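Scroll down for the structure; my scribbles are underneath it.
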Amino acid sequence: MAESGNPTPAATEQFSAGLRFRDDVAADEPAVSLDAFLEQEEADSVRIEAGEDVTVLFPHLSRVRLIEVDFPKFRDGRGFSTARMLREAGYTGEIKATGDVLVDLIFFMRRCGFDSFAPDKPIDPSDAEAALTRWDNVYVPAADDRVPIWKLRHG
Amino acid sequence: MYRYDKYDQAMVDTRVEEFRDQVRRRIEGKMDDDQFKPLRLKNGLYLQLHAYMLRVAVPYGTLNSAQMRTLAMIARKYDRGYGHFTTRQNIQYNWIKLAEAPDILADLAKVEMHAIQTSGESIRNISSDQYAGAAADELIDPRPWAEMLRQMTTFMPEFSYLPRKFKIAIIASAEDRIALRWHDFALRIVQNTAGELGFEVFAGGGMGRTPFIAYCIREFLPTTQIFSYLQAVLRVWNRHARRDNIHKQRMKILVHDLGQEEFTAQVEEAFEHFLSLGEDFPPAEYDRIAAYFAPPAFEQGLSDEIDLSDPAFARWVERQVVAHKAPGYAIANISLKPVGGIPGDITAEQMELVADLAERFSFDELRSTHAQNLVLPHVKKADLYTVWQALVSAGLADANLDLISDLIACPGLDYCSLANARSIPVAQKIAERFADPARQADLGELKIKISGCINACGHHHAGNIGILGVDRKGSESYQLLLGGSGDEDTTQAKIAGPGFDEDGIVDAVERAVEHYRAVRSPNERFIDTYRRVGMDGFKEAIYG
């Protein structure tokens, strides 16, 4: 468990090239659709559209390196559940947010388990850093290792 | 009442800085209005017809005097000297400048207040019983759980871009004073046969253009599992709600589409999963919060006698004062419904007077109610006369709780960009028509609720008499509904027939009321008469 107060680590790549918070080598095959992935046993990258049922992927997680979760509109919050459910199912590979991803979403996205971002429109690096380091503490647990305030209160 | 610790304070302070930064980026053109809109809404800022409106959260309707004085200061400094209490116990200001909004939020944070998630597609302020901690009929004070819910629903990462708004209410008494089953998610604290406390859970209620009364999704939920259960409900809804039509995205629609049985089954499955994560709040956190809500130091051995020799005071006591759990104390309701006034409106001077009264006579506590009134929850009976005299001097001593002039009304077309018709003038005309106190007293409990459009902010679905403003070929028209209730006997009102113009609706209300007088049994309330005799007689009386 990370100590509270630790700012979220800075991205390991330049913000302007998208944001990635992983040390491993990025998958190089393009992500295929969920239907195609289920048919192609060699595929290791898959793309989940908003509204698709992520649970069908659960039996196959061991062969997945990259899961792209699309946000058709930034107001469509289904992808937050998708990512957190993947982490709760034990998936440790990359989860990339694509589409209408705004800087004001990325803190909550990180907390739900996203660890890379490829927004349609580039995000200002200083705004991104401010968004990701703003909150010293959080009220509730999510898919990250932030310690909720109630735990800090009671040890 | 609850006090922030360093963590709570840091959360609201950081939120102010975050919003200041967002406003800056908007003003600098770094984001467009489409992107900014949900961010300002999550900080309580609506764009209305004439200006921005700021809705400030009054968590579970509890305020202290310092907070009320700050609300008065905000009314004076940033608005036009008044505020408006809403049907979900919040207060809103109608004439706000966007550039000043971060400063207002900073002023609120100094007295442990905020506007977080009071608008937009978010989990809204938690509603609770305005008599909590004072009511003679409550099982336990529900506010510690309400505060737990406030913290657990503030900035939930997974549920920050929900399909629509989500409203939660909690009570601990059999009498329903907050329209429990008109909420998306509602809890009644109950005791099981083993003597353990738990929640009776209701889900899928809501007004708006497609009203539904919440159904009982679970008869008994152990209190320690509420965080898991709430997340389960939210996840099922967040994943499966429609996203293609804003009018079909409230949870009530999903419950209706899936059916209660299927929705319940999906929630139970998700609940099992969340329980397995072991993330529920520990009993120690409940204990910590509950300590703040320990009963105040009520004096012992006080008399229950009240000198009622002043007839005007006696009328006020009879109507506005409610039984308290502590001997020698009473709950005093303050009407914000003077005849001819705007329901729920209060001036900065009145706020300050009420703050003084709370400080001197009610252990520094104040409550707001879903019926847009205020409450002094812990007043010594011996002090009631002094309190009443002060209220009289401030124009706050109307004795009309639950009577026909205690109307609920939304801001309507006078302020709101969604409205089709004005609500306030109709409320004023009805109150004036029935201004005679003797006539009101004779009619007894009669709850009129007025909405200026089908979004139903004025709760017309829950009115004994409901009024719905609509646009009819370019002019304002009002439909009359009968038989709704937001109380423990929750029912949805039904439309009586064709609509009326502004004066016509007042006449129609009077005809309905006179029909009630003609056919009622002794001591029978309007709603009970309606239920007994049905719509037809009323229709005949109204339309002839």
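The chains in the structure tokens are called A, B, ... from first to last as shown; in each chain the residues are counted from 1, and the ligands are counted from 1 in the order shown.
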
Residues of chain B within 8 Å of chain A, counting only C-alpha atoms, as a PDB file with all heavy atoms, in the first residue's frame:
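Now in iface06.pdb:
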ATOM      1  N   TYR B   7      -8.804  16.074   7.200  1.00  0.00           N
ATOM      2  CA  TYR B   7      -9.015  15.441   5.891  1.00  0.00           C
ATOM      3  C   TYR B   7     -10.213  16.045   5.172  1.00  0.00           C
ATOM      4  O   TYR B   7     -10.133  16.384   3.988  1.00  0.00           O
ATOM      5  CB  TYR B   7      -9.221  13.928   6.055  1.00  0.00           C
ATOM      6  CG  TYR B   7      -8.042  13.215   6.673  1.00  0.00           C
ATOM      7  CD1 TYR B   7      -8.128  12.663   7.949  1.00  0.00           C
ATOM      8  CD2 TYR B   7      -6.843  13.091   5.968  1.00  0.00           C
ATOM      9  CE1 TYR B   7      -7.055  12.001   8.517  1.00  0.00           C
ATOM     10  CE2 TYR B   7      -5.763  12.434   6.529  1.00  0.00           C
ATOM     11  CZ  TYR B   7      -5.868  11.882   7.812  1.00  0.00           C
ATOM     12  OH  TYR B   7      -4.802  11.231   8.358  1.00  0.00           O
ATOM     13  N   MET B  11     -10.247  18.240   1.667  1.00  0.00           N
ATOM     14  CA  MET B  11     -11.025  17.858   0.481  1.00  0.00           C
ATOM     15  C   MET B  11     -11.782  19.062  -0.079  1.00  0.00           C
ATOM     16  O   MET B  11     -11.774  19.294  -1.291  1.00  0.00           O
ATOM     17  CB  MET B  11     -12.023  16.736   0.817  1.00  0.00           C
ATOM     18  CG  MET B  11     -11.386  15.408   1.161  1.00  0.00           C
ATOM     19  SD  MET B  11     -10.345  14.700  -0.146  1.00  0.00           S
ATOM     20  CE  MET B  11     -11.543  13.706  -1.025  1.00  0.00           C
ATOM     21  N   THR B  14      -9.249  21.746  -1.445  1.00  0.00           N
ATOM     22  CA  THR B  14      -8.672  21.330  -2.726  1.00  0.00           C
ATOM     23  C   THR B  14      -9.702  21.463  -3.846  1.00  0.00           C
ATOM     24  O   THR B  14      -9.378  21.857  -4.973  1.00  0.00           O
ATOM     25  CB  THR B  14      -8.172  19.874  -2.640  1.00  0.00           C
ATOM     26  OG1 THR B  14      -7.263  19.772  -1.546  1.00  0.00           O
ATOM     27  CG2 THR B  14      -7.462  19.462  -3.916  1.00  0.00           C
ATOM     28  N   GLU B  18      -9.321  23.353  -7.340  1.00  0.00           N
ATOM     29  CA  GLU B  18      -9.563  22.662  -8.605  1.00  0.00           C
ATOM     30  C   GLU B  18     -10.551  23.447  -9.464  1.00  0.00           C
ATOM     31  O   GLU B  18     -10.339  23.650 -10.664  1.00  0.00           O
ATOM     32  CB  GLU B  18     -10.111  21.253  -8.343  1.00  0.00           C
ATOM     33  CG  GLU B  18     -10.389  20.463  -9.616  1.00  0.00           C
ATOM     34  CD  GLU B  18     -11.094  19.137  -9.356  1.00  0.00           C
ATOM     35  OE1 GLU B  18     -12.162  19.132  -8.704  1.00  0.00           O
ATOM     36  OE2 GLU B  18     -10.571  18.111  -9.780  1.00  0.00           O
ATOM     37  N   GLN B 151     -19.618  11.149   2.764  1.00  0.00           N
ATOM     38  CA  GLN B 151     -18.200  10.943   2.492  1.00  0.00           C
ATOM     39  C   GLN B 151     -17.990   9.841   1.444  1.00  0.00           C
ATOM     40  O   GLN B 151     -17.147   9.963   0.559  1.00  0.00           O
ATOM     41  CB  GLN B 151     -17.457  10.624   3.785  1.00  0.00           C
ATOM     42  CG  GLN B 151     -17.486  11.819   4.743  1.00  0.00           C
ATOM     43  CD  GLN B 151     -16.628  11.640   5.980  1.00  0.00           C
ATOM     44  OE1 GLN B 151     -15.641  10.918   5.963  1.00  0.00           O
ATOM     45  NE2 GLN B 151     -17.019  12.301   7.065  1.00  0.00           N
ATOM     46  N   MET B 152     -18.773   8.763   1.543  1.00  0.00           N
ATOM     47  CA  MET B 152     -18.523   7.662   0.604  1.00  0.00           C
ATOM     48  C   MET B 152     -19.011   7.976  -0.815  1.00  0.00           C
ATOM     49  O   MET B 152     -18.611   7.323  -1.768  1.00  0.00           O
ATOM     50  CB  MET B 152     -19.082   6.334   1.128  1.00  0.00           C
ATOM     51  CG  MET B 152     -20.560   6.196   1.167  1.00  0.00           C
ATOM     52  SD  MET B 152     -21.108   4.549   1.780  1.00  0.00           S
ATOM     53  CE  MET B 152     -20.716   4.600   3.518  1.00  0.00           C
ATOM     54  N   THR B 154     -18.713  11.133  -2.117  1.00  0.00           N
ATOM     55  CA  THR B 154     -18.006  12.316  -2.600  1.00  0.00           C
ATOM     56  C   THR B 154     -16.799  11.856  -3.417  1.00  0.00           C
ATOM     57  O   THR B 154     -15.914  11.191  -2.879  1.00  0.00           O
ATOM     58  CB  THR B 154     -17.554  13.191  -1.418  1.00  0.00           C
ATOM     59  OG1 THR B 154     -18.713  13.627  -0.702  1.00  0.00           O
ATOM     60  CG2 THR B 154     -16.793  14.418  -1.908  1.00  0.00           C
ATOM     61  N   PHE B 155     -16.797  12.171  -4.676  1.00  0.00           N
ATOM     62  CA  PHE B 155     -15.688  11.837  -5.588  1.00  0.00           C
ATOM     63  C   PHE B 155     -15.466  10.333  -5.700  1.00  0.00           C
ATOM     64  O   PHE B 155     -14.370   9.826  -5.499  1.00  0.00           O
ATOM     65  CB  PHE B 155     -14.370  12.499  -5.145  1.00  0.00           C
ATOM     66  CG  PHE B 155     -14.481  13.955  -4.810  1.00  0.00           C
ATOM     67  CD1 PHE B 155     -13.778  14.499  -3.743  1.00  0.00           C
ATOM     68  CD2 PHE B 155     -15.285  14.794  -5.560  1.00  0.00           C
ATOM     69  CE1 PHE B 155     -13.872  15.853  -3.436  1.00  0.00           C
ATOM     70  CE2 PHE B 155     -15.393  16.144  -5.259  1.00  0.00           C
ATOM     71  CZ  PHE B 155     -14.671  16.671  -4.186  1.00  0.00           C
ATOM     72  N   MET B 156     -16.506   9.568  -5.999  1.00  0.00           N
ATOM     73  CA  MET B 156     -16.327   8.143  -6.292  1.00  0.00           C
ATOM     74  C   MET B 156     -15.779   8.039  -7.716  1.00  0.00           C
ATOM     75  O   MET B 156     -16.483   8.409  -8.667  1.00  0.00           O
ATOM     76  CB  MET B 156     -17.658   7.401  -6.210  1.00  0.00           C
ATOM     77  CG  MET B 156     -18.251   7.320  -4.825  1.00  0.00           C
ATOM     78  SD  MET B 156     -19.867   6.491  -4.879  1.00  0.00           S
ATOM     79  CE  MET B 156     -19.455   4.949  -4.052  1.00  0.00           C
ATOM     80  N   PRO B 157     -14.564   7.535  -7.873  1.00  0.00           N
ATOM     81  CA  PRO B 157     -13.977   7.553  -9.225  1.00  0.00           C
ATOM     82  C   PRO B 157     -14.827   6.828 -10.270  1.00  0.00           C
ATOM     83  O   PRO B 157     -15.024   7.340 -11.373  1.00  0.00           O
ATOM     84  CB  PRO B 157     -12.631   6.845  -9.024  1.00  0.00           C
ATOM     85  CG  PRO B 157     -12.298   7.087  -7.598  1.00  0.00           C
ATOM     86  CD  PRO B 157     -13.624   7.046  -6.871  1.00  0.00           C
ATOM     87  N   GLU B 158     -15.334   5.656  -9.912  1.00  0.00           N
ATOM     88  CA  GLU B 158     -16.076   4.871 -10.903  1.00  0.00           C
ATOM     89  C   GLU B 158     -17.418   5.527 -11.258  1.00  0.00           C
ATOM     90  O   GLU B 158     -17.945   5.314 -12.342  1.00  0.00           O
ATOM     91  CB  GLU B 158     -16.308   3.440 -10.377  1.00  0.00           C
ATOM     92  CG  GLU B 158     -16.993   2.534 -11.392  1.00  0.00           C
ATOM     93  CD  GLU B 158     -17.211   1.110 -10.876  1.00  0.00           C
ATOM     94  OE1 GLU B 158     -16.584   0.722  -9.866  1.00  0.00           O
ATOM     95  OE2 GLU B 158     -18.031   0.392 -11.475  1.00  0.00           O
ATOM     96  N   PHE B 159     -17.944   6.312 -10.329  1.00  0.00           N
ATOM     97  CA  PHE B 159     -19.314   6.808 -10.509  1.00  0.00           C
ATOM     98  C   PHE B 159     -19.362   8.327 -10.597  1.00  0.00           C
ATOM     99  O   PHE B 159     -20.262   8.964 -10.066  1.00  0.00           O
ATOM    100  CB  PHE B 159     -20.195   6.272  -9.378  1.00  0.00           C
ATOM    101  CG  PHE B 159     -20.105   4.780  -9.245  1.00  0.00           C
ATOM    102  CD1 PHE B 159     -19.628   4.195  -8.083  1.00  0.00           C
ATOM    103  CD2 PHE B 159     -20.465   3.965 -10.303  1.00  0.00           C
ATOM    104  CE1 PHE B 159     -19.519   2.816  -7.968  1.00  0.00           C
ATOM    105  CE2 PHE B 159     -20.353   2.579 -10.205  1.00  0.00           C
ATOM    106  CZ  PHE B 159     -19.884   2.005  -9.033  1.00  0.00           C
ATOM    107  N   SER B 160     -18.366   8.885 -11.257  1.00  0.00           N
ATOM    108  CA  SER B 160     -18.317  10.336 -11.384  1.00  0.00           C
ATOM    109  C   SER B 160     -18.900  10.821 -12.708  1.00  0.00           C
ATOM    110  O   SER B 160     -19.097  12.019 -12.895  1.00  0.00           O
ATOM    111  CB  SER B 160     -16.878  10.813 -11.244  1.00  0.00           C
ATOM    112  OG  SER B 160     -16.465  10.592  -9.912  1.00  0.00           O
ATOM    113  N   TYR B 161     -19.158   9.924 -13.630  1.00  0.00           N
ATOM    114  CA  TYR B 161     -19.843  10.295 -14.874  1.00  0.00           C
ATOM    115  C   TYR B 161     -21.000   9.331 -15.083  1.00  0.00           C
ATOM    116  O   TYR B 161     -21.031   8.522 -16.002  1.00  0.00           O
ATOM    117  CB  TYR B 161     -18.861  10.348 -16.054  1.00  0.00           C
ATOM    118  CG  TYR B 161     -18.017  11.596 -15.964  1.00  0.00           C
ATOM    119  CD1 TYR B 161     -16.905  11.644 -15.137  1.00  0.00           C
ATOM    120  CD2 TYR B 161     -18.400  12.757 -16.634  1.00  0.00           C
ATOM    121  CE1 TYR B 161     -16.162  12.810 -14.995  1.00  0.00           C
ATOM    122  CE2 TYR B 161     -17.668  13.929 -16.503  1.00  0.00           C
ATOM    123  CZ  TYR B 161     -16.549  13.951 -15.684  1.00  0.00           C
ATOM    124  OH  TYR B 161     -15.827  15.106 -15.536  1.00  0.00           O
ATOM    125  N   LEU B 162     -21.949   9.448 -14.166  1.00  0.00           N
ATOM    126  CA  LEU B 162     -23.127   8.575 -14.155  1.00  0.00           C
ATOM    127  C   LEU B 162     -24.075   8.940 -15.297  1.00  0.00           C
ATOM    128  O   LEU B 162     -23.975  10.020 -15.876  1.00  0.00           O
ATOM    129  CB  LEU B 162     -23.841   8.718 -12.810  1.00  0.00           C
ATOM    130  CG  LEU B 162     -23.104   8.113 -11.607  1.00  0.00           C
ATOM    131  CD1 LEU B 162     -23.726   8.581 -10.303  1.00  0.00           C
ATOM    132  CD2 LEU B 162     -23.109   6.590 -11.684  1.00  0.00           C
ATOM    133  N   PRO B 163     -25.014   8.030 -15.599  1.00  0.00           N
ATOM    134  CA  PRO B 163     -25.963   8.333 -16.683  1.00  0.00           C
ATOM    135  C   PRO B 163     -26.809   9.573 -16.399  1.00  0.00           C
ATOM    136  O   PRO B 163     -27.148  10.321 -17.311  1.00  0.00           O
ATOM    137  CB  PRO B 163     -26.847   7.082 -16.737  1.00  0.00           C
ATOM    138  CG  PRO B 163     -26.032   5.991 -16.118  1.00  0.00           C
ATOM    139  CD  PRO B 163     -25.190   6.661 -15.065  1.00  0.00           C
ATOM    140  N   ARG B 235     -23.083   0.355  -9.888  1.00  0.00           N
ATOM    141  CA  ARG B 235     -22.396  -0.315 -11.001  1.00  0.00           C
ATOM    142  C   ARG B 235     -23.403  -0.911 -11.985  1.00  0.00           C
ATOM    143  O   ARG B 235     -23.235  -0.787 -13.200  1.00  0.00           O
ATOM    144  CB  ARG B 235     -21.437  -1.399 -10.497  1.00  0.00           C
ATOM    145  CG  ARG B 235     -20.717  -2.091 -11.644  1.00  0.00           C
ATOM    146  CD  ARG B 235     -19.636  -3.039 -11.193  1.00  0.00           C
ATOM    147  NE  ARG B 235     -18.423  -2.321 -10.804  1.00  0.00           N
ATOM    148  CZ  ARG B 235     -17.320  -2.936 -10.341  1.00  0.00           C
ATOM    149  NH1 ARG B 235     -17.312  -4.251 -10.201  1.00  0.00           N
ATOM    150  NH2 ARG B 235     -16.254  -2.233 -10.017  1.00  0.00           N
ATOM    151  N   ASN B 238     -24.768   2.101 -13.823  1.00  0.00           N
ATOM    152  CA  ASN B 238     -23.773   2.767 -14.675  1.00  0.00           C
ATOM    153  C   ASN B 238     -23.461   1.949 -15.925  1.00  0.00           C
ATOM    154  O   ASN B 238     -23.254   2.497 -17.010  1.00  0.00           O
ATOM    155  CB  ASN B 238     -22.488   2.996 -13.874  1.00  0.00           C
ATOM    156  CG  ASN B 238     -21.498   3.897 -14.603  1.00  0.00           C
ATOM    157  OD1 ASN B 238     -21.876   4.924 -15.162  1.00  0.00           O
ATOM    158  ND2 ASN B 238     -20.223   3.511 -14.608  1.00  0.00           N
ATOM    159  N   ARG B 239     -23.443   0.637 -15.776  1.00  0.00           N
ATOM    160  CA  ARG B 239     -23.087  -0.213 -16.915  1.00  0.00           C
ATOM    161  C   ARG B 239     -24.240  -0.391 -17.889  1.00  0.00           C
ATOM    162  O   ARG B 239     -24.023  -0.503 -19.089  1.00  0.00           O
ATOM    163  CB  ARG B 239     -22.642  -1.603 -16.431  1.00  0.00           C
ATOM    164  CG  ARG B 239     -21.320  -1.593 -15.662  1.00  0.00           C
ATOM    165  CD  ARG B 239     -20.892  -3.016 -15.340  1.00  0.00           C
ATOM    166  NE  ARG B 239     -20.547  -3.735 -16.559  1.00  0.00           N
ATOM    167  CZ  ARG B 239     -20.747  -5.031 -16.739  1.00  0.00           C
ATOM    168  NH1 ARG B 239     -21.317  -5.756 -15.789  1.00  0.00           N
ATOM    169  NH2 ARG B 239     -20.396  -5.621 -17.864  1.00  0.00           N
ATOM    170  N   HIS B 240     -25.455  -0.456 -17.368  1.00  0.00           N
ATOM    171  CA  HIS B 240     -26.561  -0.906 -18.217  1.00  0.00           C
ATOM    172  C   HIS B 240     -27.589   0.149 -18.591  1.00  0.00           C
ATOM    173  O   HIS B 240     -28.471  -0.124 -19.397  1.00  0.00           O
ATOM    174  CB  HIS B 240     -27.255  -2.099 -17.555  1.00  0.00           C
ATOM    175  CG  HIS B 240     -26.327  -3.256 -17.331  1.00  0.00           C
ATOM    176  ND1 HIS B 240     -25.647  -3.846 -18.361  1.00  0.00           N
ATOM    177  CD2 HIS B 240     -25.933  -3.884 -16.198  1.00  0.00           C
ATOM    178  CE1 HIS B 240     -24.882  -4.822 -17.876  1.00  0.00           C
ATOM    179  NE2 HIS B 240     -25.025  -4.853 -16.567  1.00  0.00           N
ATOM    180  N   ARG B 243     -27.751   5.346 -22.775  1.00  0.00           N
ATOM    181  CA  ARG B 243     -26.926   6.555 -22.862  1.00  0.00           C
ATOM    182  C   ARG B 243     -27.312   7.382 -24.084  1.00  0.00           C
ATOM    183  O   ARG B 243     -26.601   8.305 -24.451  1.00  0.00           O
ATOM    184  CB  ARG B 243     -25.447   6.180 -22.953  1.00  0.00           C
ATOM    185  CG  ARG B 243     -24.913   5.437 -21.743  1.00  0.00           C
ATOM    186  CD  ARG B 243     -24.351   6.381 -20.699  1.00  0.00           C
ATOM    187  NE  ARG B 243     -23.844   5.657 -19.542  1.00  0.00           N
ATOM    188  CZ  ARG B 243     -23.177   6.216 -18.541  1.00  0.00           C
ATOM    189  NH1 ARG B 243     -22.927   7.502 -18.545  1.00  0.00           N
ATOM    190  NH2 ARG B 243     -22.770   5.509 -17.510  1.00  0.00           N
ATOM    191  N   GLU B 279     -13.981  -3.903   1.342  1.00  0.00           N
ATOM    192  CA  GLU B 279     -13.684  -2.467   1.397  1.00  0.00           C
ATOM    193  C   GLU B 279     -14.683  -1.671   2.217  1.00  0.00           C
ATOM    194  O   GLU B 279     -14.673  -0.440   2.190  1.00  0.00           O
ATOM    195  CB  GLU B 279     -13.637  -1.909  -0.024  1.00  0.00           C
ATOM    196  CG  GLU B 279     -12.440  -2.402  -0.823  1.00  0.00           C
ATOM    197  CD  GLU B 279     -12.465  -1.938  -2.262  1.00  0.00           C
ATOM    198  OE1 GLU B 279     -13.540  -1.544  -2.744  1.00  0.00           O
ATOM    199  OE2 GLU B 279     -11.397  -1.979  -2.894  1.00  0.00           O
ATOM    200  N   PHE B 281     -16.646   0.304   5.120  1.00  0.00           N
ATOM    201  CA  PHE B 281     -16.174   1.157   6.199  1.00  0.00           C
ATOM    202  C   PHE B 281     -16.271   0.400   7.529  1.00  0.00           C
ATOM    203  O   PHE B 281     -17.249  -0.308   7.765  1.00  0.00           O
ATOM    204  CB  PHE B 281     -17.021   2.425   6.271  1.00  0.00           C
ATOM    205  CG  PHE B 281     -16.723   3.417   5.187  1.00  0.00           C
ATOM    206  CD1 PHE B 281     -16.805   3.076   3.845  1.00  0.00           C
ATOM    207  CD2 PHE B 281     -16.353   4.706   5.503  1.00  0.00           C
ATOM    208  CE1 PHE B 281     -16.531   3.990   2.843  1.00  0.00           C
ATOM    209  CE2 PHE B 281     -16.071   5.634   4.521  1.00  0.00           C
ATOM    210  CZ  PHE B 281     -16.164   5.282   3.186  1.00  0.00           C
ATOM    211  N   ALA B 284     -15.634   1.366  13.506  1.00  0.00           N
ATOM    212  CA  ALA B 284     -14.961   2.474  14.199  1.00  0.00           C
ATOM    213  C   ALA B 284     -15.228   3.811  13.514  1.00  0.00           C
ATOM    214  O   ALA B 284     -15.283   4.858  14.166  1.00  0.00           O
ATOM    215  CB  ALA B 284     -13.454   2.216  14.260  1.00  0.00           C
ATOM    216  N   GLU B 285     -15.401   3.780  12.189  1.00  0.00           N
ATOM    217  CA  GLU B 285     -15.670   5.035  11.486  1.00  0.00           C
ATOM    218  C   GLU B 285     -17.086   5.516  11.790  1.00  0.00           C
ATOM    219  O   GLU B 285     -17.321   6.712  11.972  1.00  0.00           O
ATOM    220  CB  GLU B 285     -15.456   4.860   9.978  1.00  0.00           C
ATOM    221  CG  GLU B 285     -15.740   6.085   9.136  1.00  0.00           C
ATOM    222  CD  GLU B 285     -14.822   7.287   9.400  1.00  0.00           C
ATOM    223  OE1 GLU B 285     -14.028   7.239  10.356  1.00  0.00           O
ATOM    224  OE2 GLU B 285     -14.942   8.282   8.664  1.00  0.00           O
TER     225      GLU B 285
END

Write out as a PyMOL selection string all residues of segment 282-479 of chain B that backbone DSSP assigns to alpha helix (DSSP H).
-> chain B and resi 283-292+311-320+348-361+384-393+424-433+437-443

Go through segment 275-409 of chain B and collect every residue that DSSP, computed from the backbone, puts in strand (DSSP E); the answer should be as a list in words.
-> Val321, Val322, Ala323, Tyr329, Ala330, Ile331, Ala332, Asn333, Ile334, Asp345, Ile346, Thr347, Glu365, Leu366, Arg367, Ser368, Leu374, Val375, Leu376, Pro377, His378, Val379, Lys380, Ile408 and Ala409 of chain B

Long-range neighbours of Cys457 of chain B as a VMD selection string, 8 Å cut-off, only C-alpha atoms, 6 positions minimum in chain = chain B and resid 87 207 to 208 409 to 410 451

Can you tell me, as a list in words, what residues are no more than 12 Å from Asp414 of chain B when counting only C-alpha atoms, ignoring any on the same chain fewer than 6 positions away?
->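 These residues fall inside the cut-off: Gln48, Leu49, His50, Ala51, Asn94, Ile342, Asn420, Ala421, Arg422, Ser423, Ile424, Pro425, Val426 and Gly452 of chain B.
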
Next, dump the selected residues to file, keeping only N, CA and C atoms, as a CSV table (one decimal), in the first residue's frame.
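Result file part-v4.csv:
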chain,number,residue,atom,x,y,z
B,48,GLN,N,-29.1,29.7,-15.6
B,48,GLN,CA,-30.5,29.9,-15.7
B,48,GLN,C,-30.9,31.0,-16.8
B,49,LEU,N,-32.1,31.5,-16.7
B,49,LEU,CA,-32.5,32.4,-17.7
B,49,LEU,C,-31.7,33.7,-17.7
B,50,HIS,N,-31.5,34.2,-16.5
B,50,HIS,CA,-30.9,35.6,-16.4
B,50,HIS,C,-29.4,35.6,-15.9
B,51,ALA,N,-29.1,34.5,-15.2
B,51,ALA,CA,-27.7,34.5,-14.6
B,51,ALA,C,-27.4,33.1,-14.2
B,94,ASN,N,-29.7,33.0,-7.0
B,94,ASN,CA,-30.1,33.1,-8.4
B,94,ASN,C,-29.4,34.1,-9.2
B,342,ILE,N,-42.6,34.1,-1.8
B,342,ILE,CA,-42.1,33.1,-2.7
B,342,ILE,C,-41.7,31.9,-1.8
B,420,ASN,N,-41.7,25.8,-18.5
B,420,ASN,CA,-42.6,26.1,-19.5
B,420,ASN,C,-43.6,27.2,-19.0
B,421,ALA,N,-43.7,27.3,-17.7
B,421,ALA,CA,-44.7,28.2,-17.1
B,421,ALA,C,-44.1,28.7,-15.8
B,422,ARG,N,-44.7,29.8,-15.3
B,422,ARG,CA,-44.3,30.4,-14.0
B,422,ARG,C,-45.0,29.6,-12.9
B,423,SER,N,-44.3,29.3,-11.8
B,423,SER,CA,-44.8,28.6,-10.7
B,423,SER,C,-45.1,29.6,-9.5
B,424,ILE,N,-44.3,30.6,-9.4
B,424,ILE,CA,-44.3,31.5,-8.2
B,424,ILE,C,-45.7,32.3,-8.2
B,425,PRO,N,-46.1,32.9,-9.3
B,425,PRO,CA,-47.4,33.6,-9.2
B,425,PRO,C,-48.5,32.8,-8.9
B,426,VAL,N,-48.5,31.5,-9.4
B,426,VAL,CA,-49.6,30.6,-9.0
B,426,VAL,C,-49.6,30.3,-7.6
B,452,GLY,N,-43.2,24.0,-12.7
B,452,GLY,CA,-43.3,24.8,-13.9
B,452,GLY,C,-43.0,24.1,-15.2

Determine the nearest neighbour of Ala106 of chain B from the options B:Asp13, B:Asp383, B:Asp398, B:Asp536, counting only C-alpha atoms.
->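 With only C-alpha atoms as the atom set, the closest residue is B:Asp13.
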
For segment 138-148 of chain B, please output as an MDAnalysis selection string all residues within 7 Å (counting only C-alpha atoms; exclusion window: fewer than 2 positions along the same chain).
-> chainID B and resid 60 126 132:133 135:136 150:152 170:173 286 289:290 293

Compile the contact shell of Val236 of chain B as a tab-separated table (two decimals) with N, CA and C atoms, in the first residue's frame: residues with an atom at most 9 Å away, counting only C-alpha atoms, same-chain residues fewer than 3 positions apart removed.
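Result file selection-v2.tsv:
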chain	number	residue	atom	x	y	z
B	231	GLN	N	-22.40	0.58	-3.98
B	231	GLN	CA	-21.58	0.43	-5.19
B	231	GLN	C	-22.19	-0.57	-6.16
B	232	ALA	N	-22.78	-1.63	-5.62
B	232	ALA	CA	-23.42	-2.63	-6.48
B	232	ALA	C	-24.55	-2.00	-7.29
B	233	VAL	N	-25.39	-1.23	-6.61
B	233	VAL	CA	-26.50	-0.56	-7.29
B	233	VAL	C	-25.97	0.38	-8.37
B	239	ARG	N	-23.44	0.64	-15.78
B	239	ARG	CA	-23.09	-0.21	-16.92
B	239	ARG	C	-24.24	-0.39	-17.89
B	240	HIS	N	-25.45	-0.46	-17.37
B	240	HIS	CA	-26.56	-0.91	-18.22
B	240	HIS	C	-27.59	0.15	-18.59
B	241	ALA	N	-27.48	1.34	-18.00
B	241	ALA	CA	-28.46	2.37	-18.35
B	241	ALA	C	-28.29	2.78	-19.81
B	263	PHE	N	-33.49	-6.60	-11.92
B	263	PHE	CA	-32.61	-5.56	-11.38
B	263	PHE	C	-32.09	-5.99	-10.01
B	266	GLN	N	-29.43	-8.69	-10.34
B	266	GLN	CA	-28.13	-8.17	-10.79
B	266	GLN	C	-27.41	-7.42	-9.67
B	267	VAL	N	-28.20	-6.68	-8.89
B	267	VAL	CA	-27.60	-5.95	-7.76
B	267	VAL	C	-27.04	-6.94	-6.74
B	270	ALA	N	-23.75	-8.34	-7.96
B	270	ALA	CA	-22.67	-7.35	-7.83
B	270	ALA	C	-22.34	-7.11	-6.36
